[in-house]
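Peer 1: Provided below: structure-v9.tsv, containing TSV, C-alpha atoms.
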chain	number	residue	atom	x	y	z
C	1	MET	CA	65.49	126.83	55.73
C	2	LYS	CA	63.08	124.72	57.82
C	3	LYS	CA	64.78	121.56	56.63
C	4	ILE	CA	68.15	122.93	57.70
C	5	LEU	CA	66.80	123.91	61.12
C	6	SER	CA	65.20	120.49	61.51
C	7	LEU	CA	68.45	118.82	60.61
C	8	ILE	CA	70.34	120.95	63.14
C	9	CYS	CA	67.79	120.06	65.85
C	10	VAL	CA	68.14	116.36	65.06
C	11	LEU	CA	71.93	116.62	65.24
C	12	ILE	CA	71.76	118.45	68.58
C	13	LEU	CA	69.37	115.84	69.92
C	14	CYS	CA	71.65	113.01	68.80
C	15	ILE	CA	74.66	114.64	70.44
C	16	ALA	CA	72.71	115.17	73.68
C	17	VAL	CA	71.56	111.57	73.73
C	18	SER	CA	75.08	110.35	72.97
C	19	LEU	CA	76.55	112.44	75.80
C	20	GLY	CA	73.83	111.26	78.13
C	21	VAL	CA	74.62	107.63	77.41
C	22	ALA	CA	78.35	108.20	77.81
C	23	GLY	CA	78.00	110.23	80.99
C	24	CYS	CA	75.36	108.13	82.74
C	25	ASN	CA	75.34	104.47	81.84
C	26	ARG	CA	72.17	103.58	83.77
C	27	GLY	CA	68.69	104.93	84.22
C	28	SER	CA	68.01	107.95	86.42
C	29	GLY	CA	67.92	106.93	90.09
C	30	GLU	CA	68.99	103.36	89.35
C	31	LYS	CA	71.86	102.10	91.47
C	32	LEU	CA	74.29	99.25	91.05
C	33	SER	CA	73.58	96.34	93.40
C	34	VAL	CA	76.03	95.18	96.06
C	35	TYR	CA	75.49	91.97	98.05
C	36	VAL	CA	77.47	91.24	101.20
C	37	PRO	CA	77.12	88.57	103.90
C	38	ASP	CA	76.37	89.47	107.48
C	39	GLY	CA	79.32	89.89	109.86
C	40	ALA	CA	82.65	91.57	109.13
C	41	PRO	CA	81.84	92.08	105.40
C	42	ALA	CA	78.68	93.96	106.35
C	43	LEU	CA	80.70	96.21	108.66
C	44	SER	CA	83.16	96.90	105.84
C	45	VAL	CA	80.44	98.66	103.80
C	46	ALA	CA	78.44	100.12	106.70
C	47	GLY	CA	79.57	103.66	105.94
C	48	ILE	CA	79.21	103.62	102.17
C	49	ASN	CA	76.22	106.00	102.21
C	50	ARG	CA	78.46	108.57	103.86
C	51	THR	CA	80.68	108.56	100.76
C	52	ASP	CA	80.28	109.44	97.08
C	53	ALA	CA	79.89	105.73	96.32
C	54	GLY	CA	76.57	105.75	98.16
C	55	LYS	CA	75.07	107.72	95.27
C	56	HIS	CA	75.80	104.87	92.88
C	57	PHE	CA	75.47	101.63	94.88
C	58	GLU	CA	72.68	99.97	96.84
C	59	VAL	CA	74.03	97.54	99.44
C	60	ASN	CA	72.09	94.40	100.39
C	61	VAL	CA	73.21	92.57	103.54
C	62	VAL	CA	72.16	88.92	103.32
C	63	LYS	CA	72.58	85.68	105.24
C	64	ALA	CA	76.16	84.47	104.99
C	65	ASP	CA	75.25	81.04	103.61
C	66	THR	CA	73.34	82.57	100.67
C	67	ILE	CA	75.99	84.88	99.21
C	68	ASN	CA	77.08	82.41	96.50
C	69	SER	CA	73.60	82.42	94.98
C	70	TYR	CA	73.90	86.12	94.09
C	71	VAL	CA	76.97	85.64	91.87
C	72	THR	CA	76.08	82.36	90.17
C	73	GLY	CA	73.56	81.20	87.60
C	74	ASP	CA	72.78	82.40	84.10
C	75	ASN	CA	71.93	85.94	85.18
C	76	PRO	CA	73.51	86.64	88.60
C	77	GLN	CA	71.88	89.41	90.63
C	78	ALA	CA	74.95	91.06	92.13
C	79	ASP	CA	76.71	93.77	90.19
C	80	VAL	CA	79.24	93.75	93.02
C	81	ALA	CA	79.66	91.35	95.94
C	82	VAL	CA	81.82	90.80	98.99
C	83	MET	CA	82.34	87.10	99.69
C	84	PRO	CA	84.77	84.54	101.12
C	85	VAL	CA	87.90	84.25	99.00
C	86	ASN	CA	87.61	80.47	98.62
C	87	ALA	CA	84.04	80.74	97.30
C	88	ALA	CA	85.02	83.54	94.94
C	89	VAL	CA	87.81	81.40	93.53
C	90	LYS	CA	85.65	78.27	93.32
C	91	PHE	CA	82.85	79.91	91.36
C	92	LEU	CA	84.43	82.89	89.60
C	93	SER	CA	88.11	82.10	89.11
C	94	ASP	CA	88.12	82.21	85.29
C	95	GLY	CA	87.43	85.95	85.37
C	96	GLN	CA	84.83	85.70	82.61
C	97	THR	CA	81.84	87.03	84.54
C	98	TYR	CA	83.35	88.62	87.66
C	99	ARG	CA	86.74	89.94	88.62
C	100	MET	CA	88.24	90.45	92.04
C	101	LEU	CA	88.66	94.12	92.98
C	102	GLY	CA	90.74	93.44	96.09
C	103	THR	CA	90.79	91.94	99.56
C	104	VAL	CA	88.34	93.48	102.05
C	105	THR	CA	88.89	91.60	105.34
C	106	HIS	CA	91.98	89.86	106.68
C	107	GLY	CA	90.69	87.49	109.31
C	108	ASN	CA	88.44	87.64	112.38
C	109	LEU	CA	89.07	84.22	113.93
C	110	PHE	CA	90.12	83.57	117.51
C	111	LEU	CA	90.95	80.50	119.55
C	112	LEU	CA	88.99	80.35	122.81
C	113	LYS	CA	89.91	78.08	125.71
C	114	LYS	CA	88.31	76.72	128.84
C	115	GLN	CA	89.72	77.87	132.18
C	116	THR	CA	92.04	74.90	132.72
C	117	GLU	CA	93.72	75.11	129.32
C	118	THR	CA	96.86	76.97	128.21
C	119	ASP	CA	97.27	79.93	125.87
C	120	ILE	CA	98.42	79.40	122.27
C	121	ALA	CA	100.04	82.76	121.67
C	122	SER	CA	102.64	81.71	119.08
C	123	PRO	CA	103.01	79.02	116.40
C	124	ALA	CA	105.56	77.23	118.60
C	125	GLU	CA	102.81	76.59	121.16
C	126	LEU	CA	100.42	74.87	118.74
C	127	SER	CA	101.86	71.50	119.78
C	128	SER	CA	100.11	72.02	123.13
C	129	LEU	CA	96.87	71.25	121.32
C	130	VAL	CA	97.92	67.68	120.50
C	131	GLY	CA	95.49	65.28	122.15
C	132	LYS	CA	92.98	68.07	122.72
C	133	THR	CA	89.72	68.61	120.84
C	134	VAL	CA	89.08	71.94	119.16
C	135	GLY	CA	85.49	72.75	118.24
C	136	VAL	CA	85.41	74.80	115.04
C	137	ILE	CA	82.39	76.81	113.97
C	138	ASN	CA	82.11	75.90	110.26
C	139	LEU	CA	84.93	73.36	110.01
C	140	ALA	CA	84.35	72.77	106.29
C	141	ASN	CA	84.76	76.40	105.31
C	142	VAL	CA	87.08	79.35	106.03
C	143	PRO	CA	87.37	78.91	109.83
C	144	GLY	CA	88.23	75.21	109.61
C	145	LEU	CA	90.37	75.51	106.50
C	146	THR	CA	92.35	78.38	108.00
C	147	PHE	CA	92.97	76.52	111.24
C	148	LYS	CA	94.01	73.38	109.34
C	149	THR	CA	96.37	75.49	107.25
C	150	ILE	CA	97.98	76.95	110.37
C	151	LEU	CA	98.45	73.48	111.88
C	152	ARG	CA	99.85	72.04	108.64
C	153	ASP	CA	102.24	74.98	108.13
C	154	ASN	CA	103.66	74.31	111.59
C	155	GLY	CA	103.97	70.55	111.22
C	156	VAL	CA	101.12	69.71	113.63
C	157	GLU	CA	98.92	66.83	112.49
C	158	PHE	CA	95.16	66.91	112.92
C	159	ASN	CA	92.34	64.39	113.08
C	160	GLU	CA	88.81	65.27	111.98
C	161	LEU	CA	86.09	63.85	114.20
C	162	LYS	CA	83.63	62.84	111.50
C	163	ASP	CA	82.23	59.61	110.08
C	164	GLY	CA	82.70	57.88	113.41
C	165	ALA	CA	86.35	58.88	113.91
C	166	ALA	CA	87.51	58.65	117.52
C	167	VAL	CA	89.59	61.13	119.50
C	168	VAL	CA	93.33	60.39	119.26
C	169	THR	CA	96.14	61.42	121.58
C	170	ASP	CA	98.87	62.10	118.99
C	171	LYS	CA	97.07	64.70	116.87
C	172	VAL	CA	94.88	67.77	117.28
C	173	ASN	CA	91.27	66.63	117.11
C	174	LEU	CA	88.93	68.90	115.12
C	175	LYS	CA	85.18	68.82	115.60
C	176	ASP	CA	82.56	70.77	113.64
C	177	VAL	CA	80.30	72.62	116.09
C	178	ALA	CA	77.39	75.00	115.86
C	179	ALA	CA	77.91	78.49	117.26
C	180	THR	CA	75.54	77.65	120.11
C	181	ALA	CA	77.71	74.65	121.07
C	182	ALA	CA	80.86	76.70	121.67
C	183	THR	CA	80.26	76.94	125.41
C	184	PRO	CA	82.04	75.97	128.65
C	185	SER	CA	79.47	73.20	129.16
C	186	ASN	CA	80.54	71.40	125.97
C	187	ALA	CA	82.29	68.37	127.46
C	188	ASP	CA	83.75	67.23	124.11
C	189	CYS	CA	85.96	70.27	123.44
C	190	GLN	CA	88.68	72.08	125.33
C	191	TYR	CA	89.13	74.85	122.73
C	192	PHE	CA	86.98	76.56	120.12
C	193	VAL	CA	87.67	78.53	116.92
C	194	VAL	CA	85.16	81.39	116.90
C	195	PRO	CA	84.86	84.50	114.68
C	196	GLU	CA	84.38	88.03	115.94
C	197	PRO	CA	82.12	89.48	117.18
C	198	ALA	CA	80.84	86.17	118.56
C	199	ALA	CA	84.22	85.48	120.22
C	200	THR	CA	84.12	88.57	122.43
C	201	THR	CA	80.42	88.02	123.15
C	202	LYS	CA	81.12	84.51	124.40
C	203	VAL	CA	84.05	85.63	126.56
C	204	ASN	CA	81.93	88.34	128.17
C	205	ALA	CA	78.86	86.13	128.59
C	206	THR	CA	80.77	83.30	130.28
C	207	GLN	CA	82.57	85.61	132.75
C	208	GLY	CA	85.96	84.06	132.06
C	209	LYS	CA	84.91	80.43	131.71
C	210	LEU	CA	85.90	80.93	128.09
C	211	SER	CA	88.81	83.25	127.27
C	212	VAL	CA	90.95	84.12	124.27
C	213	ALA	CA	93.83	81.65	123.95
C	214	GLY	CA	95.14	82.70	120.55
C	215	ASN	CA	94.71	84.92	117.52
C	216	LEU	CA	94.54	82.95	114.24
C	217	GLN	CA	95.70	85.99	112.28
C	218	THR	CA	98.93	86.10	114.30
C	219	LEU	CA	99.29	82.33	114.28
C	220	TYR	CA	98.99	82.38	110.48
C	221	GLY	CA	102.08	84.54	110.26
C	222	GLY	CA	102.28	88.09	111.53
C	223	GLU	CA	100.03	91.08	112.01
C	224	ASN	CA	98.61	91.27	108.48
C	225	GLY	CA	96.41	88.20	108.75
C	226	TYR	CA	95.23	86.43	105.60
C	227	PRO	CA	92.78	87.16	102.76
C	228	GLN	CA	89.37	86.20	104.10
C	229	ALA	CA	86.71	88.18	102.21
C	230	VAL	CA	87.19	89.78	98.80
C	231	ALA	CA	85.20	92.19	96.65
C	232	VAL	CA	84.21	91.10	93.14
C	233	ALA	CA	82.42	92.96	90.35
C	234	LYS	CA	80.90	91.93	87.05
C	235	VAL	CA	83.23	92.45	84.10
C	236	SER	CA	80.47	94.32	82.29
C	237	VAL	CA	80.03	96.64	85.27
C	238	ILE	CA	83.76	97.31	85.53
C	239	GLU	CA	83.87	98.19	81.84
C	240	LYS	CA	80.84	100.52	81.93
C	241	TYR	CA	81.19	102.09	85.36
C	242	SER	CA	84.90	102.43	86.00
C	243	THR	CA	84.48	105.74	87.83
C	244	GLU	CA	81.83	104.31	90.12
C	245	ILE	CA	83.93	101.20	90.78
C	246	SER	CA	86.83	103.43	91.81
C	247	ALA	CA	84.51	105.26	94.20
C	248	PHE	CA	83.36	101.93	95.64
C	249	ILE	CA	86.96	100.86	96.25
C	250	GLU	CA	87.76	104.19	97.90
C	251	SER	CA	84.73	103.91	100.19
C	252	PHE	CA	86.32	101.09	102.23
C	253	ALA	CA	88.98	103.39	103.68
C	254	ALA	CA	86.38	106.02	104.54
C	255	THR	CA	84.17	103.41	106.19
C	256	LYS	CA	87.08	102.05	108.23
C	257	THR	CA	87.86	105.57	109.49
C	258	TRP	CA	84.20	106.11	110.37
C	259	LEU	CA	83.91	102.76	112.16
C	260	MET	CA	86.94	103.47	114.34
C	261	ASP	CA	86.09	107.10	115.08
C	262	GLU	CA	85.37	107.46	118.82
C	263	ASN	CA	82.43	109.70	117.94
C	264	THR	CA	80.79	106.91	115.91
C	265	THR	CA	78.51	104.98	118.22
C	266	ALA	CA	77.85	101.27	118.00
C	267	GLN	CA	74.15	102.00	117.60
C	268	SER	CA	74.77	104.22	114.55
C	269	ILE	CA	76.77	101.42	112.93
C	270	VAL	CA	74.10	98.83	113.68
C	271	ASP	CA	71.41	101.18	112.35
C	272	ALA	CA	73.40	101.69	109.13
C	273	VAL	CA	73.67	97.94	108.56
C	274	ASP	CA	70.02	97.40	109.49
C	275	GLY	CA	69.08	99.87	106.78
C	276	MET	CA	70.87	97.70	104.23
C	277	THR	CA	69.58	94.35	105.48
C	278	LYS	CA	67.21	92.34	103.34
C	279	GLY	CA	64.75	89.87	104.80
C	280	ASP	CA	64.55	88.43	108.29
C	281	LEU	CA	68.17	88.46	109.46
C	282	SER	CA	69.52	88.45	112.99
C	283	HIS	CA	72.96	90.06	112.89
C	284	THR	CA	76.06	88.53	114.45
C	285	PHE	CA	76.68	91.87	116.19
C	286	THR	CA	74.58	94.24	118.29
C	287	ALA	CA	75.07	97.67	119.79
C	288	ASP	CA	75.99	95.93	123.06
C	289	ASN	CA	78.88	93.85	121.68
C	290	LEU	CA	80.20	96.06	118.87
C	291	THR	CA	83.13	97.74	120.61
C	292	LYS	CA	86.05	99.40	118.84
C	293	ALA	CA	88.20	96.41	119.87
C	294	VAL	CA	85.74	94.02	118.23
C	295	ILE	CA	85.67	96.11	115.04
C	296	SER	CA	89.48	96.12	114.99
C	297	ASN	CA	89.43	92.33	115.43
C	298	CYS	CA	87.32	91.99	112.27
C	299	GLY	CA	90.37	92.74	110.10
C	300	ILE	CA	88.71	95.27	107.80
C	301	ARG	CA	91.31	96.74	105.45
C	302	PHE	CA	91.00	97.06	101.68
C	303	GLU	CA	94.05	95.77	99.84
C	304	SER	CA	94.43	96.09	96.09
C	305	ASN	CA	95.42	93.17	93.91
C	306	ALA	CA	98.75	94.85	93.26
C	307	VAL	CA	99.55	94.05	96.88
C	308	GLY	CA	97.24	91.14	97.66
C	309	LYS	CA	97.25	88.92	94.55
C	310	ALA	CA	100.28	86.87	95.61
C	311	GLU	CA	98.79	86.33	99.06
C	312	VAL	CA	95.49	85.12	97.60
C	313	LEU	CA	97.31	82.66	95.34
C	314	ALA	CA	99.38	81.35	98.26
C	315	PHE	CA	96.36	81.13	100.54
C	316	MET	CA	94.32	79.17	98.01
C	317	GLU	CA	97.22	76.78	97.43
C	318	LYS	CA	97.21	76.06	101.16
C	319	PHE	CA	93.44	75.64	101.23
C	320	ASN	CA	93.62	73.10	98.43
C	321	ALA	CA	96.28	71.17	100.33
C	322	VAL	CA	94.12	70.71	103.45
C	323	SER	CA	90.74	70.21	101.81
C	324	ASN	CA	89.00	67.41	99.96
C	325	ASN	CA	87.05	70.12	98.17
C	326	ALA	CA	89.03	71.32	95.14
C	327	TRP	CA	88.72	75.10	95.38
C	328	GLY	CA	90.84	75.65	92.30
C	329	THR	CA	93.39	78.28	91.36
C	330	PRO	CA	92.36	81.72	90.06
C	331	ALA	CA	93.41	82.69	86.56
C	332	ASP	CA	95.25	85.95	85.97
C	333	GLU	CA	92.05	87.28	84.40
C	334	PHE	CA	90.32	86.94	87.77
C	335	PHE	CA	92.29	89.85	89.19
C	336	TYR	CA	91.12	93.37	88.29
Can you dump the structure from the file as C-alpha cells?
Peer 2:
Amino acid sequence: MKKILSLICVLILCIAVSLGVAGCNRGSGEKLSVYVPDGAPALSVAGINRTDAGKHFEVNVVKADTINSYVTGDNPQADVAVMPVNAAVKFLSDGQTYRMLGTVTHGNLFLLKKQTETDIASPAELSSLVGKTVGVINLANVPGLTFKTILRDNGVEFNELKDGAAVVTDKVNLKDVAATAATPSNADCQYFVVPEPAATTKVNATQGKLSVAGNLQTLYGGENGYPQAVAVAKVSVIEKYSTEISAFIESFAATKTWLMDENTTAQSIVDAVDGMTKGDLSHTFTADNLTKAVISNCGIRFESNAVGKAEVLAFMEKFNAVSNNAWGTPADEFFY
C-alpha cells in the first residue's frame, strides 16, 4: 500500500512540475530584458509598467549608440530590443537569432532653417535647397540616410561635404554636424536636420532664429512617415513566451494613449523613463521640453508586420541606394 501511495505522490509531483514548467517558463520574479535607446524609442515604452506587460518585462534605457551591442555577439543580452530599422536589418536580417515584431516609431526628423531662408513644406520645394548647405545630425545613419532618400526620390542631387569636398552651387550640400553645432551661429549651414525633441528645444531656445522649415515625414510621402525604429525579440523568447510577447506588443498602444492623455504630466513621463535608465545618461528630453506636440512629433505608433513589412523592405532598398554601407535586405524569416 505504501509503495502505491509513494508512486501516486511521485506522479502528482511530476505533473505539478510539468505544469509549472509549461505555465511559467522562467524563474519566480525573473523578467525578460528589454533594451531601448534614449529618445523616441524610450518614450514608446515609458508606460509599460502601467500594463500587464510590466509584470513580465524589465526595460533598460541605454545610450543610443550602444544599442547594437545588446543584440550582437555569441550570447546577446537583450531578450527584446527596440532599435533603428537599418541596424536591425544589418545585424539580424537572417531571422536566426532575432525576429522583428513590428515597427514602433515612424520618424521624428524635422528640417530647421535660419531666419532668411524659405520653408520646404512639400517635395516640390526641395529644389530650393540646391546650393545651400544642410547640417545633418548623424549624417551617416538614419537622419542622413532618410534625408538623402527624400532628395533622391525627388530627383534632387546632393553633395556630401567630407574628405575635403567643397560646397557646390548645383546640388544640395550635406554636412555632418554635432547636435551642439545646429545653431544660428553656424556660418556653414543654412538648414539643419534635427530629431525631436531637440528640434523644438532649439526653436524655443533661439527665439525664432531657427524655425521649422519642413517635416521629413511629410516630405517622405504623406502623413504615415517611414519605419524608423523597430522591435525585435529573440526567436527562443518568442517560442517560449508567446503570451508575454503578445502583451508586450499590446503595451505600445496603451503607452501611446497614456503619453497623449492631458492628465499625464511631462514630469511623470520623465520619471518613468528615469526609472528604466541604466548608467549615467542625460536624456534628449526633459519635463520642460516634453510637450504633447513634441510627443506627437516622435511618430510613436506600433505597426504589425502584416501592415509594415512591405514598407520596411522598400525603405531598406532606398537606404541601400543612397549609402556606401551595405545594410542588406531582410529575409522573410526576419519578420515575426
Peer 1: Would you mind reading off the distance between atom CA of Gln96 of chain C and atom CA of Gly328 of chain C, one decimal, in Å?
Peer 2: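 Atom-to-atom, atom CA of Gln96 of chain C to atom CA of Gly328 of chain C, that is 15.2 Å.
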Peer 1: Write out as a list in words which residues come within 7 Å of Val136 of chain C when counting only C-alpha atoms, dropping same-chain ones fewer than 3 positions away.
Peer 2: Leu139, Pro143, Gly144, Leu174, Lys175, Asp176, Val177, Phe192, Val193 and Val194 of chain C
Peer 1: Let me make sure I understand: among C:Ile300, C:Val130, C:Leu111, C:Val312, which one has the smallest atom-to-atom distance to Val203 of chain C if we use only C-alpha atoms?
Peer 2: C:Leu111
Peer 1: Pick out the closest residue to Thr116 of chain C from this set: C:Leu210, C:Ser69, C:Val134, C:Ala81. Count only C-alpha atoms.
Peer 2: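 Result for the nearest residue to Thr116 of chain C: C:Leu210.
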Peer 1: Could you tell me which of C:Ser128, C:Asp280, C:Ser236, C:Asn68 comes closest to Lys90 of chain C if we count only C-alpha atoms?
Peer 2: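 Checking each of C:Ser128, C:Asp280, C:Ser236, C:Asn68 against Lys90 of chain C, counting only C-alpha atoms, the winner is C:Asn68.
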Peer 1: Pick the closest to Tyr70 of chain C from C:Lys256, C:Arg50, C:Lys202, C:Lys234: which is it, counting all atoms listed in the file?
Peer 2: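 Checking each candidate against Tyr70 of chain C, we get C:Lys234 as the closest.
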Peer 1: Report the distance between atom CA of Gly102 of chain C and atom CA of Ala179 of chain C in Å, rounded to one decimal place.
Peer 2: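 Result for atom CA of Gly102 of chain C versus atom CA of Ala179 of chain C: 28.9 Å, one decimal.
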Peer 1: Within 6 Å of (92.9, 70.3, 127.9) in the file's own coordinates, which protein, DNA or RNA residues have an atom, counting all atoms listed in the file? List them as a count of residues only.
Peer 2: 3
Peer 1: Mind giving me the straight-line distance from atom CA of Val89 of chain C to atom CA of Leu109 of chain C in Å, one decimal?
Peer 2: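 Taking atom CA of Val89 of chain C and atom CA of Leu109 of chain C, their separation equals 20.6 Å.
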